[in-house]
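Engineer: Quick one: this structure, given as structure tokens, is what I'll be asking you about.
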Amino acid sequence: MAAASGFATSLSSTSCNNELKFDFRSNALCSRNSPYSSLACFPPRTRFFCNNLRYKVVMPHTKSFRLNPRCEVAPNAEIQSKPSSLSALELLKTSAADRYTKETSSILVIGLNYRTAPIEIREKLSIPEAQWPQEIGELCALNHIEEAAVLSTCNRMEIYVVALSQHRGIKEVTEWMSKISSVPVSELRQHRFLLSNRDATQHLFEVSSGLDSLVLGEGQILSQVKQVVKTGQGVPGFDRKISGLFKHAITVGKRVRTETNISSGSVSVSSAAVELAMMKLPEVSHATARMLVVGAGKMGKLVIKHLAAKGCKRIVVVNRTEDKVASLREELKDVEIVYRPFSELLTCAAEADVVFTCTASKNLLFSKDEVQMLPPVGPHVGGQRLFIDISVPRNVGPCVSDIKTVQVYNVDDLKEVVAANKEDRLQKAMEAQAIISEEVKQFEAWKDSLETVPTIKKLRAYAERIRASEFEKCLSKMGDDITKNKKKAIYDLSVGIVNKLLHGPMQHLRCDGNDTRGLNEILENMHALNRIFSLDTEMSVLEEKVRAKIEQSQKMVS
């Protein structure tokens, strides 16, 4: 059942060698002995993930899996039930507690990007940077979400969470995404991708390194990952694991760019937008075409710089304030940069041949009716006004493209530009993957070590209580005339014995990535020590957290 690993699907068999096959055409799990009977069926377009492999697209082929049950039951064997004094309700509670005891918290990423979802879907889920702290609070208010972070750019919208239960966490976050975007859950499932733990870590490291970008190796995404950390500082819910994950991602992004030079000569979304405009304009008009840039933020500033590098001598910039435009004038003294307020937007568009829009506005800046009223452009630029819209949500209405004298392009149309720049950086991307694999191992070791920290603390406290008690008993038997040196010697002896005895168990609880023990073995050691020394509480830490969150949400409702 490798493909369904990590999900709440459990099957049993009476034969140790019974072989099952999962038919991806019918989405059914069948017995090879009885090919006409289905043991389990799954809805169409179901995606399956496991720890070592991740499936983003379900291909129509058949895979075989072998079940190895824990025990074999003879055909005529009698199974006698043991009498139990527990009620059905108590048994249910016990099984729930056991489930939470065996399940550890997971790092998940639930998201959409330019590969999985068109801009029409992405723009509905786009979250402005100023709202990230508020959204973290909303996510952490969900019953099974402990920590959260939001990464929302023009090419992706990804939610990173620490979930107390993997399946419930995915369900709650997906429903939350549906709620804020008004996109039905069924539609989100068609476009989202899901990754957990090691795969989620590797994905973020690839994102920060520019390997998952539309423009391979682009540097702006690292700044956006840094902004997640900056925005999350002090926000409840942006805590140890998620904060550690994003800070490590920044380190990885810097290391990849330093050691591979993957960003050298690379293009960004902004430069790709300028390249696209130059591809669509007649070559003779490159220096004379009238350029309008709407928005002077990070994206707009880069567009202006790339236009200047292409030889544009005059650029009109529409922005809310003139401050950023003035600083650009100082930086690009050879270019005439003209500032205009938003109240003159349509007037400026009427005088422009090419319009770049790069604002964070959630409202359309150009509708079909408004653009139809603009005067036509001259034949020297091909007779068509170009709108290059690199905003998410889009600033130019999709219906504007219906106008014959207008050409509209958005971020999804940049793929033809970046394809030409991609091949020469693929070798560097392979070098980057080696660095990422090494860094993933380090982060996973740090994260795994956190699971055993409570047990290590409880075991040390337990041993210290016994040591202190026995030390006091020893001193009381030796009388009041004991010297300070003897008392210190006895104290040092007791501490030394405890440390020597704890050294072995502690070594088997630590996970630093340098030994051959896996997380499962370390967690088994942890549970064994909890049982042997009675360190367990009545309910597991995960169950306790879930109950506390549910009680808190119920109080807020009442």
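We label chains A, B, ... in the order they appear in the structure tokens, count residues from 1 in each chain, and number ligands from 1 in the order shown.
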List as a VMD selection string the protein and nucleic acid residues near Gly232 (chain A), meaning an atom at most 12 Å away when only C-alpha atoms are counted, but skip any in the same chain fewer than 6 places from it.
Structural biologist: chain A and resid 129 to 137 147 to 151 225 to 226 238 to 240 242 to 244 246 to 247
Engineer: Please report as CSV every residue of region 191-303 of chain A lying within 9 Å of region 159-169 of chain A, along with the nearest atom pair and their distance in Å (one decimal), using only C-alpha atoms.
Structural biologist:
```
residue,atom,partner,partner_atom,distance
A:Ser196,CA,A:Gln166,CA,8.3
A:Ala200,CA,A:Tyr160,CA,8.4
A:Lys241,CA,A:Val162,CA,7.5
A:Ile242,CA,A:Val161,CA,7.1
```
Engineer: How about saving the chosen residues, N, CA and C atoms kept, as a PDB file, in the first residue's frame?
Structural biologist:
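Saved as result08.pdb:
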```
ATOM      1  N   SER A 196       3.959  16.547   2.256  1.00  0.00           N
ATOM      2  CA  SER A 196       4.099  16.466   3.711  1.00  0.00           C
ATOM      3  C   SER A 196       5.536  16.185   4.116  1.00  0.00           C
ATOM      4  N   ALA A 200       7.594  18.330   1.753  1.00  0.00           N
ATOM      5  CA  ALA A 200       7.239  19.738   1.947  1.00  0.00           C
ATOM      6  C   ALA A 200       8.488  20.576   2.180  1.00  0.00           C
ATOM      7  N   LYS A 241       8.658  25.369  14.572  1.00  0.00           N
ATOM      8  CA  LYS A 241       8.889  24.512  13.400  1.00  0.00           C
ATOM      9  C   LYS A 241       8.768  25.286  12.093  1.00  0.00           C
ATOM     10  N   ILE A 242       7.687  26.046  11.928  1.00  0.00           N
ATOM     11  CA  ILE A 242       7.476  26.790  10.682  1.00  0.00           C
ATOM     12  C   ILE A 242       8.518  27.897  10.545  1.00  0.00           C
TER      13      ILE A 242
END
```
Engineer: Please provide the set of residues having any atom within 6 Å of region 280-294 of chain A, restricted to only C-alpha atoms, with same-chain residues fewer than 6 positions apart removed, written as a PDB file with N, CA, C and O atoms, in the first residue's frame.
Structural biologist:
```pdb
ATOM      1  N   GLY A 311      16.968  50.452 -23.788  1.00  0.00           N
ATOM      2  CA  GLY A 311      17.158  51.672 -24.574  1.00  0.00           C
ATOM      3  C   GLY A 311      15.991  52.635 -24.576  1.00  0.00           C
ATOM      4  O   GLY A 311      16.017  53.631 -25.312  1.00  0.00           O
ATOM      5  N   CYS A 312      14.958  52.386 -23.758  1.00  0.00           N
ATOM      6  CA  CYS A 312      13.823  53.319 -23.683  1.00  0.00           C
ATOM      7  C   CYS A 312      14.281  54.620 -23.027  1.00  0.00           C
ATOM      8  O   CYS A 312      14.897  54.604 -21.956  1.00  0.00           O
ATOM      9  N   ILE A 315       9.726  57.114 -19.987  1.00  0.00           N
ATOM     10  CA  ILE A 315       8.779  56.168 -19.386  1.00  0.00           C
ATOM     11  C   ILE A 315       7.835  56.951 -18.477  1.00  0.00           C
ATOM     12  O   ILE A 315       8.285  57.713 -17.604  1.00  0.00           O
ATOM     13  N   VAL A 316       6.546  56.761 -18.680  1.00  0.00           N
ATOM     14  CA  VAL A 316       5.538  57.386 -17.804  1.00  0.00           C
ATOM     15  C   VAL A 316       5.175  56.369 -16.724  1.00  0.00           C
ATOM     16  O   VAL A 316       4.916  55.196 -17.025  1.00  0.00           O
ATOM     17  N   VAL A 317       5.159  56.827 -15.477  1.00  0.00           N
ATOM     18  CA  VAL A 317       4.858  55.949 -14.336  1.00  0.00           C
ATOM     19  C   VAL A 317       3.651  56.491 -13.587  1.00  0.00           C
ATOM     20  O   VAL A 317       3.666  57.645 -13.123  1.00  0.00           O
ATOM     21  N   VAL A 318       2.616  55.672 -13.479  1.00  0.00           N
ATOM     22  CA  VAL A 318       1.433  56.025 -12.686  1.00  0.00           C
ATOM     23  C   VAL A 318       1.548  55.310 -11.343  1.00  0.00           C
ATOM     24  O   VAL A 318       1.692  54.089 -11.295  1.00  0.00           O
ATOM     25  N   ALA A 352      -0.218  55.893 -24.580  1.00  0.00           N
ATOM     26  CA  ALA A 352       0.807  54.848 -24.514  1.00  0.00           C
ATOM     27  C   ALA A 352       0.591  53.788 -25.591  1.00  0.00           C
ATOM     28  O   ALA A 352      -0.540  53.481 -25.977  1.00  0.00           O
ATOM     29  N   ASP A 353       1.716  53.215 -26.048  1.00  0.00           N
ATOM     30  CA  ASP A 353       1.668  52.082 -26.973  1.00  0.00           C
ATOM     31  C   ASP A 353       1.719  50.752 -26.226  1.00  0.00           C
ATOM     32  O   ASP A 353       1.115  49.772 -26.645  1.00  0.00           O
ATOM     33  N   VAL A 354       2.465  50.757 -25.117  1.00  0.00           N
ATOM     34  CA  VAL A 354       2.608  49.552 -24.291  1.00  0.00           C
ATOM     35  C   VAL A 354       2.303  49.929 -22.845  1.00  0.00           C
ATOM     36  O   VAL A 354       2.857  50.906 -22.322  1.00  0.00           O
ATOM     37  N   VAL A 355       1.435  49.146 -22.198  1.00  0.00           N
ATOM     38  CA  VAL A 355       1.048  49.404 -20.813  1.00  0.00           C
ATOM     39  C   VAL A 355       1.431  48.193 -19.962  1.00  0.00           C
ATOM     40  O   VAL A 355       0.953  47.077 -20.202  1.00  0.00           O
ATOM     41  N   PHE A 356       2.308  48.410 -18.987  1.00  0.00           N
ATOM     42  CA  PHE A 356       2.663  47.368 -18.017  1.00  0.00           C
ATOM     43  C   PHE A 356       1.889  47.635 -16.725  1.00  0.00           C
ATOM     44  O   PHE A 356       1.950  48.747 -16.186  1.00  0.00           O
ATOM     45  N   THR A 357       1.162  46.640 -16.224  1.00  0.00           N
ATOM     46  CA  THR A 357       0.462  46.805 -14.949  1.00  0.00           C
ATOM     47  C   THR A 357       1.068  45.859 -13.924  1.00  0.00           C
ATOM     48  O   THR A 357       1.193  44.662 -14.170  1.00  0.00           O
ATOM     49  N   VAL A 381       3.909  50.716 -34.389  1.00  0.00           N
ATOM     50  CA  VAL A 381       4.003  49.690 -33.334  1.00  0.00           C
ATOM     51  C   VAL A 381       3.128  48.482 -33.677  1.00  0.00           C
ATOM     52  O   VAL A 381       2.795  47.676 -32.805  1.00  0.00           O
TER      53      VAL A 381
END
```
Engineer: Can you pull out the residues contacting Pro118 (chain A)? Cut-off 10 Å, using only C-alpha atoms, and skip same-chain residues under 3 positions away; I want them as a list of chain:residue names.
Structural biologist: A:Leu112, A:Asn113, A:Tyr114, A:Arg115, A:Ile121, A:Arg122, A:Glu123, A:Asn155, A:His191, A:Val411, A:Asp412
Engineer: Give me a file of those residues, with N, CA, C and O atoms, as a PDB file, in the first residue's frame.
Structural biologist:
```pdb
ATOM      1  N   LEU A 112      -1.255  26.038  -4.607  1.00  0.00           N
ATOM      2  CA  LEU A 112      -1.454  26.071  -6.049  1.00  0.00           C
ATOM      3  C   LEU A 112      -0.336  26.923  -6.629  1.00  0.00           C
ATOM      4  O   LEU A 112       0.092  27.899  -6.003  1.00  0.00           O
ATOM      5  N   ASN A 113       0.132  26.566  -7.820  1.00  0.00           N
ATOM      6  CA  ASN A 113       1.117  27.410  -8.481  1.00  0.00           C
ATOM      7  C   ASN A 113       0.850  27.451  -9.977  1.00  0.00           C
ATOM      8  O   ASN A 113      -0.159  26.924 -10.454  1.00  0.00           O
ATOM      9  N   TYR A 114       1.764  28.096 -10.701  1.00  0.00           N
ATOM     10  CA  TYR A 114       1.544  28.296 -12.134  1.00  0.00           C
ATOM     11  C   TYR A 114       1.487  26.984 -12.908  1.00  0.00           C
ATOM     12  O   TYR A 114       0.971  26.939 -14.023  1.00  0.00           O
ATOM     13  N   ARG A 115       1.999  25.894 -12.322  1.00  0.00           N
ATOM     14  CA  ARG A 115       1.936  24.599 -12.988  1.00  0.00           C
ATOM     15  C   ARG A 115       0.584  23.908 -12.788  1.00  0.00           C
ATOM     16  O   ARG A 115       0.121  23.184 -13.657  1.00  0.00           O
ATOM     17  N   ILE A 121      -7.799  31.013 -11.338  1.00  0.00           N
ATOM     18  CA  ILE A 121      -7.983  30.419 -10.006  1.00  0.00           C
ATOM     19  C   ILE A 121      -7.036  31.057  -9.008  1.00  0.00           C
ATOM     20  O   ILE A 121      -7.424  31.412  -7.885  1.00  0.00           O
ATOM     21  N   ARG A 122      -5.775  31.246  -9.390  1.00  0.00           N
ATOM     22  CA  ARG A 122      -4.757  31.772  -8.465  1.00  0.00           C
ATOM     23  C   ARG A 122      -5.112  33.157  -7.952  1.00  0.00           C
ATOM     24  O   ARG A 122      -4.889  33.479  -6.786  1.00  0.00           O
ATOM     25  N   GLU A 123      -5.660  33.989  -8.832  1.00  0.00           N
ATOM     26  CA  GLU A 123      -5.940  35.358  -8.416  1.00  0.00           C
ATOM     27  C   GLU A 123      -7.041  35.421  -7.351  1.00  0.00           C
ATOM     28  O   GLU A 123      -7.064  36.336  -6.531  1.00  0.00           O
ATOM     29  N   ASN A 155       2.974  33.888  -8.852  1.00  0.00           N
ATOM     30  CA  ASN A 155       3.003  32.553  -9.456  1.00  0.00           C
ATOM     31  C   ASN A 155       2.570  31.434  -8.522  1.00  0.00           C
ATOM     32  O   ASN A 155       2.466  30.284  -8.952  1.00  0.00           O
ATOM     33  N   HIS A 191      -6.859  21.387  -8.564  1.00  0.00           N
ATOM     34  CA  HIS A 191      -5.688  22.223  -8.875  1.00  0.00           C
ATOM     35  C   HIS A 191      -4.632  22.257  -7.769  1.00  0.00           C
ATOM     36  O   HIS A 191      -3.510  22.681  -8.031  1.00  0.00           O
ATOM     37  N   VAL A 411       0.860  36.796 -16.632  1.00  0.00           N
ATOM     38  CA  VAL A 411       2.048  36.053 -16.197  1.00  0.00           C
ATOM     39  C   VAL A 411       2.113  34.654 -16.795  1.00  0.00           C
ATOM     40  O   VAL A 411       3.204  34.122 -16.998  1.00  0.00           O
ATOM     41  N   ASP A 412       0.974  34.069 -17.083  1.00  0.00           N
ATOM     42  CA  ASP A 412       0.983  32.725 -17.672  1.00  0.00           C
ATOM     43  C   ASP A 412       1.487  32.725 -19.115  1.00  0.00           C
ATOM     44  O   ASP A 412       1.842  31.675 -19.653  1.00  0.00           O
TER      45      ASP A 412
END
```
Engineer: With only C-alpha atoms as the atoms that count, which of A:Gly383, A:Gln427, A:Ile403, A:Gln433 lies nearest to Val207 (chain A)?
Structural biologist: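 Looking only at the distances to Val207 (chain A), the closest residue turns out to be A:Gln433.
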Engineer: Among region 229-379 of chain A, which residues carry a DSSP assignment of alpha helix (DSSP H), reported as a ChimeraX atom specification?
Structural biologist: /A:229-232,240-260,269-280,298-309,323-331,345-350,368-372
Engineer: May I ask which of the residues A:Glu187, A:Arg460, A:Lys441, A:Lys124 is the closest one to Asn363 (chain A), counting only C-alpha atoms?
Structural biologist: A:Lys124
Engineer: Pick from A:Ala296, A:Ala272, A:Ile337, A:Ile522: nearest to Thr321 (chain A), with only C-alpha atoms counted?
Structural biologist: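 That would be A:Ala296, the residue with the smallest distance to Thr321 (chain A).
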